[in-house]
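What follows is a single structure, written as structure tokens, with notes after it.
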Amino acid sequence: MRQSIVGKIKHSTERFGRTLNQARVSQKEKSTRNFRLRKAKLGEVVLEMRGITKRFPGVLANDHIDFDIKTGEVHALLGENGAGKTTLMNILYGLYQPDEGEIRIRGKRVTITSPKDAIDLGIGMVHQHFMLVDPMTVAENVVLGLKSSREPFLDIDRAEKRITELSKKYGFKVDPSAKIEQLSVGERQRVEIIKALYRGAQVLILDEPTAVLTPPEVKELMTIIRRMAKEGLAVIPFITHKLPEVMAISDRVTILRRGKVVARIETKRTNKRDLAKKMVGREVLFRVKRGRAKMGRVVLEVKNLEALSDRDLPALKKVSFSIREGEILGIAGVSGNGQRELAEAITGLRRVTGGRVYVLGGDMTNKSPSEFIDQRIRYIPEDRMKRGLLMDFSIAENAILKAHSQPPFVYRWFLPFDKKWFLDERKIGEHTEKLIQEYGIVTPSKDIPTRNLSGGNLQRLILARELSQNPKVLIANQPTRGLDVGATEFIRKKLMEQKEKGMAILLISEDLDEIMSMSDRIAVMYEGKIVGIVPADKAKVKEIGLMMAGAKQEGERGH
């Protein structure tokens, strides 16, 4: 009896304690929400980061960084790949914790230990690699993880109404009921922005916002950013390499180099060349000088090539062209017009349904990827993380992919009843160290997981691996996408060096300036077809643009 009474008292005390704690948490959340939503004047400093320092094994990613942002401004955070930008923004969003320093919002020191804390404080982040669930609708993705007003059921109608209101306010074009898998890259990015705004973001971090967008989508995003800033949001579009866009859209620029702030500038007081110099620490060439082509024999020839997309729809429609030794053939076109399917079809990664592929006159149609590798055809894929590298493997292991079963990286050990190949760790190590030095790959060790490298260093590693195997033909698909000006300049120079040595290069790029400055001839793709091939020295941007839009056909047709 006595135990029963004691148990009831204990239970009541615990329940009262839980209720009190819930009330405290509720009051704290209410306080945070009120603190977050207090209206700030345009131009008022709403967020400050002071003395932010973050260390990783062998790397000082952020070195006592000071950074602030004002309401109604667009603040660009620039720096080379690996300069510390992503780390700094991940700290602000609660994904990392600083080793030193503090964050203040409207003068009040805050602790951000998770993205939830950041969201509660009005900080939203749109990642370069979108965090969306493809089979779900826009509305379902936006409310994912939020409490519903109709628990345990979802209030999708209410969410769709709010999404429509946000879309109209900021000029988005998004259907709340559309599934993510049906949307273009630009539309998916808008969904990510809506997710942040739906949660009450007042400071919006855009990570490499234009890296995967087409020119029309970039123009539309710029309009949206200006409108959001005008409405009183603080926007950080941290763009690394598209300096004309920084000049066009930002009010202020903070530049990082090797983890430190090297400059804080009002955009109107600087220019593209000055920004590039501060980012890299030296003068940067925006255009690589194209030497006179010394062309040899035809190395790669494609005749009436046809192939299907991943959805079994026609992706390539009777594509024909050829490339000679010492030539760069540029493929221009808006993303999604068959460029990826073309690259995969001529490297053995996608089955050809019609036409032929010839390498030095030999028929390679529908041969395996290993047979293309044996013919010294090398490939830089557009998605370096998913298709170019094994991210959990070490740098050294990735450096010998495609050559791991060949000398000098292996040796044979004969046993009485068996024979096996063994990796030569010493040779692999020497080879990797040489590539790290020659290609300027920034890493504390060749043995760390490749996923620890920045985007620019990942691309340098792929380029180093492919070129070190002395290819006859290099298929380079978006080789400088998402890279800073220094890494872009380096990769373009390397490609030009290889061309001058006699390599045939197929350059696929959505950067029209890159295509115009590097190619000997330019082929334009539209809806899976080559609509024209023109000599680069006679090509005009306006004409190429019309061909990219399918409004004009010109020049050679498949030669």
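Ordering of the structure tokens sets the chain letters (A, B, ...); residue numbers start at 1 within each chain; ligands are numbered from 1 in the order shown.
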
Write down as a PyMOL selection string the residues of stretch 169-305 of chain A whose backbone DSSP state falls under strand (DSSP E). chain A and resi 203-207+234-238+252-257+260-266+298-305

Determine, for each residue of stretch 219-331 of chain A having at least one atom at most 10 Å from an atom of stretch 531-554 of chain A, the closest pair of atoms and their separation in Å to one decimal, counting only C-alpha atoms; order by chain and ascending number, as CSV.
residue,atom,partner,partner_atom,distance
A:Val319,CA,A:Val531,CA,9.3
A:Phe321,CA,A:Ile533,CA,8.6
A:Leu329,CA,A:Ile533,CA,9.2
A:Gly330,CA,A:Ala536,CA,8.9
A:Ile331,CA,A:Ile533,CA,9.1

Go ahead and save the picked residues with C-alpha atoms, as a CSV table (one decimal), in the first residue's frame.
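Output file out_35.csv follows:
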chain,number,residue,atom,x,y,z
A,319,VAL,CA,24.9,12.6,-84.8
A,321,PHE,CA,31.4,14.4,-86.6
A,329,LEU,CA,36.1,20.1,-81.1
A,330,GLY,CA,33.8,22.0,-78.8
A,331,ILE,CA,30.3,20.8,-78.3

Atom CA of A:Val246 to atom CA of A:Arg269, straight-line distance in Å: 12.7 Å

Among the residues of stretch 109-224 of chain A, find those DSSP assigns to helix (DSSP H, G or I) from the backbone and print them as a PDB file with N, CA, C and O atoms, in the first residue's frame.
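Written out: states-v6.pdb:
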ATOM      1  N   PRO A 115      21.257  22.434 -37.851  1.00  0.00           N
ATOM      2  CA  PRO A 115      20.449  23.196 -38.808  1.00  0.00           C
ATOM      3  C   PRO A 115      19.117  23.652 -38.220  1.00  0.00           C
ATOM      4  O   PRO A 115      18.604  24.703 -38.590  1.00  0.00           O
ATOM      5  N   LYS A 116      18.541  22.867 -37.293  1.00  0.00           N
ATOM      6  CA  LYS A 116      17.279  23.277 -36.665  1.00  0.00           C
ATOM      7  C   LYS A 116      17.455  24.580 -35.905  1.00  0.00           C
ATOM      8  O   LYS A 116      16.596  25.465 -35.957  1.00  0.00           O
ATOM      9  N   ASP A 117      18.590  24.701 -35.186  1.00  0.00           N
ATOM     10  CA  ASP A 117      18.866  25.954 -34.487  1.00  0.00           C
ATOM     11  C   ASP A 117      18.957  27.116 -35.466  1.00  0.00           C
ATOM     12  O   ASP A 117      18.438  28.207 -35.227  1.00  0.00           O
ATOM     13  N   ALA A 118      19.646  26.865 -36.583  1.00  0.00           N
ATOM     14  CA  ALA A 118      19.807  27.918 -37.594  1.00  0.00           C
ATOM     15  C   ALA A 118      18.447  28.320 -38.166  1.00  0.00           C
ATOM     16  O   ALA A 118      18.154  29.520 -38.310  1.00  0.00           O
ATOM     17  N   ILE A 119      17.623  27.332 -38.490  1.00  0.00           N
ATOM     18  CA  ILE A 119      16.294  27.616 -39.042  1.00  0.00           C
ATOM     19  C   ILE A 119      15.446  28.387 -38.041  1.00  0.00           C
ATOM     20  O   ILE A 119      14.750  29.346 -38.391  1.00  0.00           O
ATOM     21  N   ASP A 120      15.514  27.999 -36.749  1.00  0.00           N
ATOM     22  CA  ASP A 120      14.763  28.709 -35.712  1.00  0.00           C
ATOM     23  C   ASP A 120      15.193  30.166 -35.594  1.00  0.00           C
ATOM     24  O   ASP A 120      14.406  31.027 -35.183  1.00  0.00           O
ATOM     25  N   VAL A 138       6.502  18.755 -54.882  1.00  0.00           N
ATOM     26  CA  VAL A 138       7.126  19.981 -54.365  1.00  0.00           C
ATOM     27  C   VAL A 138       6.607  20.267 -52.953  1.00  0.00           C
ATOM     28  O   VAL A 138       7.388  20.483 -52.023  1.00  0.00           O
ATOM     29  N   ALA A 139       5.292  20.247 -52.779  1.00  0.00           N
ATOM     30  CA  ALA A 139       4.691  20.554 -51.476  1.00  0.00           C
ATOM     31  C   ALA A 139       5.144  19.564 -50.408  1.00  0.00           C
ATOM     32  O   ALA A 139       5.445  19.948 -49.267  1.00  0.00           O
ATOM     33  N   GLU A 140       5.198  18.271 -50.758  1.00  0.00           N
ATOM     34  CA  GLU A 140       5.621  17.253 -49.792  1.00  0.00           C
ATOM     35  C   GLU A 140       7.068  17.463 -49.372  1.00  0.00           C
ATOM     36  O   GLU A 140       7.426  17.274 -48.203  1.00  0.00           O
ATOM     37  N   ASN A 141       7.930  17.850 -50.315  1.00  0.00           N
ATOM     38  CA  ASN A 141       9.321  18.142 -49.976  1.00  0.00           C
ATOM     39  C   ASN A 141       9.441  19.369 -49.083  1.00  0.00           C
ATOM     40  O   ASN A 141      10.250  19.398 -48.162  1.00  0.00           O
ATOM     41  N   VAL A 142       8.632  20.378 -49.343  1.00  0.00           N
ATOM     42  CA  VAL A 142       8.711  21.622 -48.581  1.00  0.00           C
ATOM     43  C   VAL A 142       8.320  21.407 -47.124  1.00  0.00           C
ATOM     44  O   VAL A 142       8.937  21.968 -46.207  1.00  0.00           O
ATOM     45  N   VAL A 143       7.294  20.588 -46.873  1.00  0.00           N
ATOM     46  CA  VAL A 143       6.814  20.393 -45.493  1.00  0.00           C
ATOM     47  C   VAL A 143       7.488  19.218 -44.800  1.00  0.00           C
ATOM     48  O   VAL A 143       7.210  18.949 -43.628  1.00  0.00           O
ATOM     49  N   ILE A 156      -1.617  19.241 -46.960  1.00  0.00           N
ATOM     50  CA  ILE A 156      -0.975  19.576 -48.233  1.00  0.00           C
ATOM     51  C   ILE A 156      -1.648  20.772 -48.891  1.00  0.00           C
ATOM     52  O   ILE A 156      -0.983  21.615 -49.508  1.00  0.00           O
ATOM     53  N   ASP A 157      -2.984  20.865 -48.773  1.00  0.00           N
ATOM     54  CA  ASP A 157      -3.697  21.984 -49.395  1.00  0.00           C
ATOM     55  C   ASP A 157      -3.193  23.320 -48.858  1.00  0.00           C
ATOM     56  O   ASP A 157      -2.967  24.276 -49.618  1.00  0.00           O
ATOM     57  N   ARG A 158      -3.009  23.376 -47.547  1.00  0.00           N
ATOM     58  CA  ARG A 158      -2.521  24.610 -46.921  1.00  0.00           C
ATOM     59  C   ARG A 158      -1.089  24.903 -47.374  1.00  0.00           C
ATOM     60  O   ARG A 158      -0.738  26.062 -47.656  1.00  0.00           O
ATOM     61  N   ALA A 159      -0.269  23.855 -47.459  1.00  0.00           N
ATOM     62  CA  ALA A 159       1.120  24.027 -47.885  1.00  0.00           C
ATOM     63  C   ALA A 159       1.179  24.522 -49.332  1.00  0.00           C
ATOM     64  O   ALA A 159       1.952  25.430 -49.662  1.00  0.00           O
ATOM     65  N   GLU A 160       0.355  23.938 -50.194  1.00  0.00           N
ATOM     66  CA  GLU A 160       0.347  24.347 -51.602  1.00  0.00           C
ATOM     67  C   GLU A 160      -0.084  25.806 -51.741  1.00  0.00           C
ATOM     68  O   GLU A 160       0.456  26.546 -52.572  1.00  0.00           O
ATOM     69  N   LYS A 161      -1.037  26.228 -50.927  1.00  0.00           N
ATOM     70  CA  LYS A 161      -1.496  27.616 -50.963  1.00  0.00           C
ATOM     71  C   LYS A 161      -0.366  28.563 -50.562  1.00  0.00           C
ATOM     72  O   LYS A 161      -0.139  29.599 -51.211  1.00  0.00           O
ATOM     73  N   ARG A 162       0.367  28.208 -49.501  1.00  0.00           N
ATOM     74  CA  ARG A 162       1.476  29.054 -49.027  1.00  0.00           C
ATOM     75  C   ARG A 162       2.605  29.084 -50.055  1.00  0.00           C
ATOM     76  O   ARG A 162       3.220  30.129 -50.298  1.00  0.00           O
ATOM     77  N   ILE A 163       2.897  27.940 -50.683  1.00  0.00           N
ATOM     78  CA  ILE A 163       3.935  27.867 -51.720  1.00  0.00           C
ATOM     79  C   ILE A 163       3.559  28.756 -52.904  1.00  0.00           C
ATOM     80  O   ILE A 163       4.408  29.469 -53.453  1.00  0.00           O
ATOM     81  N   THR A 164       2.295  28.733 -53.271  1.00  0.00           N
ATOM     82  CA  THR A 164       1.825  29.582 -54.375  1.00  0.00           C
ATOM     83  C   THR A 164       1.990  31.052 -54.026  1.00  0.00           C
ATOM     84  O   THR A 164       2.390  31.870 -54.866  1.00  0.00           O
ATOM     85  N   GLU A 165       1.707  31.412 -52.765  1.00  0.00           N
ATOM     86  CA  GLU A 165       1.865  32.808 -52.321  1.00  0.00           C
ATOM     87  C   GLU A 165       3.318  33.242 -52.403  1.00  0.00           C
ATOM     88  O   GLU A 165       3.633  34.346 -52.886  1.00  0.00           O
ATOM     89  N   LEU A 166       4.235  32.374 -51.936  1.00  0.00           N
ATOM     90  CA  LEU A 166       5.666  32.696 -51.998  1.00  0.00           C
ATOM     91  C   LEU A 166       6.143  32.804 -53.444  1.00  0.00           C
ATOM     92  O   LEU A 166       6.954  33.670 -53.780  1.00  0.00           O
ATOM     93  N   SER A 167       5.630  31.920 -54.279  1.00  0.00           N
ATOM     94  CA  SER A 167       6.018  31.929 -55.690  1.00  0.00           C
ATOM     95  C   SER A 167       5.625  33.244 -56.352  1.00  0.00           C
ATOM     96  O   SER A 167       6.406  33.832 -57.108  1.00  0.00           O
ATOM     97  N   LYS A 168       4.427  33.709 -56.070  1.00  0.00           N
ATOM     98  CA  LYS A 168       3.962  34.967 -56.653  1.00  0.00           C
ATOM     99  C   LYS A 168       4.754  36.157 -56.097  1.00  0.00           C
ATOM    100  O   LYS A 168       5.108  37.086 -56.826  1.00  0.00           O
ATOM    101  N   LYS A 169       5.044  36.118 -54.797  1.00  0.00           N
ATOM    102  CA  LYS A 169       5.740  37.233 -54.164  1.00  0.00           C
ATOM    103  C   LYS A 169       7.129  37.445 -54.735  1.00  0.00           C
ATOM    104  O   LYS A 169       7.561  38.578 -54.970  1.00  0.00           O
ATOM    105  N   TYR A 170       7.855  36.332 -54.985  1.00  0.00           N
ATOM    106  CA  TYR A 170       9.245  36.447 -55.418  1.00  0.00           C
ATOM    107  C   TYR A 170       9.460  36.123 -56.898  1.00  0.00           C
ATOM    108  O   TYR A 170      10.589  36.142 -57.380  1.00  0.00           O
ATOM    109  N   ILE A 180       9.309  16.094 -57.964  1.00  0.00           N
ATOM    110  CA  ILE A 180      10.662  16.621 -58.131  1.00  0.00           C
ATOM    111  C   ILE A 180      11.339  16.013 -59.350  1.00  0.00           C
ATOM    112  O   ILE A 180      12.041  16.698 -60.098  1.00  0.00           O
ATOM    113  N   GLU A 181      11.118  14.728 -59.591  1.00  0.00           N
ATOM    114  CA  GLU A 181      11.769  14.053 -60.712  1.00  0.00           C
ATOM    115  C   GLU A 181      11.330  14.602 -62.066  1.00  0.00           C
ATOM    116  O   GLU A 181      11.978  14.350 -63.079  1.00  0.00           O
ATOM    117  N   GLN A 182      10.247  15.379 -62.082  1.00  0.00           N
ATOM    118  CA  GLN A 182       9.754  15.971 -63.326  1.00  0.00           C
ATOM    119  C   GLN A 182      10.336  17.363 -63.581  1.00  0.00           C
ATOM    120  O   GLN A 182      10.097  17.941 -64.639  1.00  0.00           O
ATOM    121  N   VAL A 185      16.778  21.306 -63.367  1.00  0.00           N
ATOM    122  CA  VAL A 185      17.702  21.669 -62.289  1.00  0.00           C
ATOM    123  C   VAL A 185      17.341  23.039 -61.721  1.00  0.00           C
ATOM    124  O   VAL A 185      17.325  23.241 -60.503  1.00  0.00           O
ATOM    125  N   GLY A 186      17.027  23.992 -62.600  1.00  0.00           N
ATOM    126  CA  GLY A 186      16.667  25.333 -62.144  1.00  0.00           C
ATOM    127  C   GLY A 186      15.414  25.325 -61.291  1.00  0.00           C
ATOM    128  O   GLY A 186      15.330  26.025 -60.281  1.00  0.00           O
ATOM    129  N   GLU A 187      14.415  24.529 -61.679  1.00  0.00           N
ATOM    130  CA  GLU A 187      13.174  24.437 -60.906  1.00  0.00           C
ATOM    131  C   GLU A 187      13.431  23.780 -59.554  1.00  0.00           C
ATOM    132  O   GLU A 187      12.836  24.176 -58.542  1.00  0.00           O
ATOM    133  N   ARG A 188      14.317  22.810 -59.508  1.00  0.00           N
ATOM    134  CA  ARG A 188      14.641  22.158 -58.231  1.00  0.00           C
ATOM    135  C   ARG A 188      15.301  23.151 -57.279  1.00  0.00           C
ATOM    136  O   ARG A 188      15.054  23.136 -56.070  1.00  0.00           O
ATOM    137  N   GLN A 189      16.146  24.004 -57.833  1.00  0.00           N
ATOM    138  CA  GLN A 189      16.780  25.009 -56.986  1.00  0.00           C
ATOM    139  C   GLN A 189      15.739  25.955 -56.388  1.00  0.00           C
ATOM    140  O   GLN A 189      15.826  26.336 -55.217  1.00  0.00           O
ATOM    141  N   ARG A 190      14.732  26.323 -57.185  1.00  0.00           N
ATOM    142  CA  ARG A 190      13.675  27.203 -56.680  1.00  0.00           C
ATOM    143  C   ARG A 190      12.903  26.524 -55.552  1.00  0.00           C
ATOM    144  O   ARG A 190      12.478  27.167 -54.590  1.00  0.00           O
ATOM    145  N   VAL A 191      12.710  25.208 -55.670  1.00  0.00           N
ATOM    146  CA  VAL A 191      12.039  24.464 -54.600  1.00  0.00           C
ATOM    147  C   VAL A 191      12.851  24.552 -53.310  1.00  0.00           C
ATOM    148  O   VAL A 191      12.298  24.746 -52.223  1.00  0.00           O
ATOM    149  N   GLU A 192      14.175  24.426 -53.421  1.00  0.00           N
ATOM    150  CA  GLU A 192      15.037  24.537 -52.241  1.00  0.00           C
ATOM    151  C   GLU A 192      14.918  25.928 -51.615  1.00  0.00           C
ATOM    152  O   GLU A 192      14.892  26.075 -50.383  1.00  0.00           O
ATOM    153  N   ILE A 193      14.865  26.961 -52.437  1.00  0.00           N
ATOM    154  CA  ILE A 193      14.723  28.323 -51.913  1.00  0.00           C
ATOM    155  C   ILE A 193      13.369  28.482 -51.227  1.00  0.00           C
ATOM    156  O   ILE A 193      13.265  29.063 -50.133  1.00  0.00           O
ATOM    157  N   ILE A 194      12.319  27.944 -51.858  1.00  0.00           N
ATOM    158  CA  ILE A 194      10.991  28.009 -51.251  1.00  0.00           C
ATOM    159  C   ILE A 194      10.964  27.283 -49.909  1.00  0.00           C
ATOM    160  O   ILE A 194      10.337  27.732 -48.945  1.00  0.00           O
ATOM    161  N   LYS A 195      11.654  26.135 -49.822  1.00  0.00           N
ATOM    162  CA  LYS A 195      11.736  25.408 -48.545  1.00  0.00           C
ATOM    163  C   LYS A 195      12.269  26.310 -47.442  1.00  0.00           C
ATOM    164  O   LYS A 195      11.745  26.337 -46.327  1.00  0.00           O
ATOM    165  N   ALA A 196      13.328  27.059 -47.756  1.00  0.00           N
ATOM    166  CA  ALA A 196      13.929  27.949 -46.759  1.00  0.00           C
ATOM    167  C   ALA A 196      12.987  29.090 -46.396  1.00  0.00           C
ATOM    168  O   ALA A 196      12.810  29.424 -45.217  1.00  0.00           O
ATOM    169  N   LEU A 197      12.365  29.692 -47.401  1.00  0.00           N
ATOM    170  CA  LEU A 197      11.449  30.803 -47.147  1.00  0.00           C
ATOM    171  C   LEU A 197      10.216  30.340 -46.383  1.00  0.00           C
ATOM    172  O   LEU A 197       9.692  31.054 -45.523  1.00  0.00           O
ATOM    173  N   TYR A 198       9.738  29.139 -46.684  1.00  0.00           N
ATOM    174  CA  TYR A 198       8.570  28.559 -46.014  1.00  0.00           C
ATOM    175  C   TYR A 198       8.831  28.436 -44.512  1.00  0.00           C
ATOM    176  O   TYR A 198       7.916  28.559 -43.694  1.00  0.00           O
ATOM    177  N   PRO A 215      22.054  29.466 -68.949  1.00  0.00           N
ATOM    178  CA  PRO A 215      22.040  30.940 -68.975  1.00  0.00           C
ATOM    179  C   PRO A 215      20.672  31.565 -68.714  1.00  0.00           C
ATOM    180  O   PRO A 215      20.574  32.512 -67.929  1.00  0.00           O
ATOM    181  N   PRO A 216      19.568  31.061 -69.314  1.00  0.00           N
ATOM    182  CA  PRO A 216      18.262  31.658 -68.990  1.00  0.00           C
ATOM    183  C   PRO A 216      17.886  31.480 -67.519  1.00  0.00           C
ATOM    184  O   PRO A 216      17.284  32.372 -66.915  1.00  0.00           O
ATOM    185  N   GLU A 217      18.233  30.312 -66.945  1.00  0.00           N
ATOM    186  CA  GLU A 217      17.923  30.071 -65.536  1.00  0.00           C
ATOM    187  C   GLU A 217      18.746  30.981 -64.634  1.00  0.00           C
ATOM    188  O   GLU A 217      18.261  31.448 -63.591  1.00  0.00           O
ATOM    189  N   VAL A 218      19.992  31.250 -65.016  1.00  0.00           N
ATOM    190  CA  VAL A 218      20.840  32.170 -64.247  1.00  0.00           C
ATOM    191  C   VAL A 218      20.211  33.560 -64.238  1.00  0.00           C
ATOM    192  O   VAL A 218      20.124  34.217 -63.188  1.00  0.00           O
ATOM    193  N   LYS A 219      19.773  34.007 -65.392  1.00  0.00           N
ATOM    194  CA  LYS A 219      19.150  35.333 -65.504  1.00  0.00           C
ATOM    195  C   LYS A 219      17.912  35.424 -64.619  1.00  0.00           C
ATOM    196  O   LYS A 219      17.686  36.419 -63.924  1.00  0.00           O
ATOM    197  N   GLU A 220      17.106  34.365 -64.610  1.00  0.00           N
ATOM    198  CA  GLU A 220      15.899  34.340 -63.787  1.00  0.00           C
ATOM    199  C   GLU A 220      16.247  34.338 -62.304  1.00  0.00           C
ATOM    200  O   GLU A 220      15.603  35.029 -61.502  1.00  0.00           O
ATOM    201  N   LEU A 221      17.284  33.580 -61.921  1.00  0.00           N
ATOM    202  CA  LEU A 221      17.698  33.548 -60.521  1.00  0.00           C
ATOM    203  C   LEU A 221      18.183  34.923 -60.066  1.00  0.00           C
ATOM    204  O   LEU A 221      17.898  35.352 -58.944  1.00  0.00           O
ATOM    205  N   MET A 222      18.927  35.623 -60.918  1.00  0.00           N
ATOM    206  CA  MET A 222      19.405  36.954 -60.568  1.00  0.00           C
ATOM    207  C   MET A 222      18.232  37.895 -60.263  1.00  0.00           C
ATOM    208  O   MET A 222      18.266  38.680 -59.318  1.00  0.00           O
ATOM    209  N   THR A 223      17.175  37.798 -61.066  1.00  0.00           N
ATOM    210  CA  THR A 223      15.980  38.613 -60.842  1.00  0.00           C
ATOM    211  C   THR A 223      15.336  38.278 -59.511  1.00  0.00           C
ATOM    212  O   THR A 223      14.921  39.168 -58.752  1.00  0.00           O
ATOM    213  N   ILE A 224      15.270  36.974 -59.185  1.00  0.00           N
ATOM    214  CA  ILE A 224      14.684  36.531 -57.920  1.00  0.00           C
ATOM    215  C   ILE A 224      15.502  37.033 -56.737  1.00  0.00           C
ATOM    216  O   ILE A 224      14.958  37.511 -55.735  1.00  0.00           O
TER     217      ILE A 224
END

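Pairwise distance (atom CA of A:Ile265, atom CA of A:Val253) equals 5.3 Å.
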
Point out the residue among A:Val133, A:Met518, A:Ile505, A:Val74 with the least atom-to-atom distance to A:Ala229, counting only C-alpha atoms. A:Val74

Best match for closeness to A:Leu95 among A:Val174, A:Met125, A:Ile52, A:Leu77, counting only C-alpha atoms: A:Met125

Counting only C-alpha atoms, closest pick from A:Ala83, A:Met295, A:Ala307, A:Val352 relative to A:Ala61 is A:Ala83

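Here atom CA of A:Leu121 and atom CA of A:Ile105 stand 8.3 Å from one another.
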
What are the nearest atom pairs, with distances in Å to one decimal, for all residues of stretch 371-447 of chain A that come at most 9 Å from stretch 479-495 of chain A, using only C-alpha atoms, set out by chain and rising residue number as CSV?
residue,atom,partner,partner_atom,distance
A:Ile380,CA,A:Pro479,CA,6.8
A:Pro381,CA,A:Pro479,CA,7.8
A:Glu382,CA,A:Pro479,CA,6.9
A:Tyr439,CA,A:Phe490,CA,8.5

For a quick check of understanding, using only C-alpha atoms, which of A:Phe372, A:Leu461, A:Thr365, A:Asp63 has the smallest distance to A:Ser394? A:Leu461

Considering only C-alpha atoms, state which residue in the set A:Arg378, A:Arg356, A:Arg273, A:Arg50 is at the smallest distance from A:Lys303.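 Distance minimum relative to A:Lys303 lands on A:Arg356.
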
What lies within 7 Å of A:Ile255 using only C-alpha atoms, ignoring chain neighbours under 6 positions off, as an MDAnalysis selection string? chainID A and resid 77:79 261:264 279

Generate a file of the selected residues that holds N, CA and C atoms, formatted as a PDB file, in the first residue's frame.
ATOM      1  N   LEU A  77      30.470  35.768 -51.091  1.00  0.00           N
ATOM      2  CA  LEU A  77      31.629  35.203 -50.420  1.00  0.00           C
ATOM      3  C   LEU A  77      32.447  34.453 -51.456  1.00  0.00           C
ATOM      4  N   LEU A  78      33.630  34.959 -51.754  1.00  0.00           N
ATOM      5  CA  LEU A  78      34.452  34.417 -52.837  1.00  0.00           C
ATOM      6  C   LEU A  78      35.708  33.757 -52.313  1.00  0.00           C
ATOM      7  N   GLY A  79      36.293  32.932 -53.155  1.00  0.00           N
ATOM      8  CA  GLY A  79      37.547  32.286 -52.820  1.00  0.00           C
ATOM      9  C   GLY A  79      37.745  31.076 -53.707  1.00  0.00           C
ATOM     10  N   VAL A 261      40.500  35.871 -44.384  1.00  0.00           N
ATOM     11  CA  VAL A 261      39.910  36.974 -45.142  1.00  0.00           C
ATOM     12  C   VAL A 261      41.045  37.833 -45.690  1.00  0.00           C
ATOM     13  N   VAL A 262      41.085  38.006 -47.010  1.00  0.00           N
ATOM     14  CA  VAL A 262      42.136  38.819 -47.628  1.00  0.00           C
ATOM     15  C   VAL A 262      41.588  40.136 -48.159  1.00  0.00           C
ATOM     16  N   ALA A 263      40.255  40.262 -48.250  1.00  0.00           N
ATOM     17  CA  ALA A 263      39.682  41.521 -48.734  1.00  0.00           C
ATOM     18  C   ALA A 263      38.202  41.600 -48.395  1.00  0.00           C
ATOM     19  N   ARG A 264      37.747  42.828 -48.080  1.00  0.00           N
ATOM     20  CA  ARG A 264      36.321  43.159 -47.963  1.00  0.00           C
ATOM     21  C   ARG A 264      36.100  44.404 -48.812  1.00  0.00           C
ATOM     22  N   MET A 279      41.550  36.743 -55.136  1.00  0.00           N
ATOM     23  CA  MET A 279      41.202  35.349 -54.839  1.00  0.00           C
ATOM     24  C   MET A 279      42.396  34.419 -54.955  1.00  0.00           C
TER      25      MET A 279
END

With distances taken over only C-alpha atoms, which residue among A:Ile515, A:Ala476, A:Gly440, A:Met385 lies nearest A:Leu458?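 Using only C-alpha atoms, the shortest distance to A:Leu458 belongs to A:Met385.
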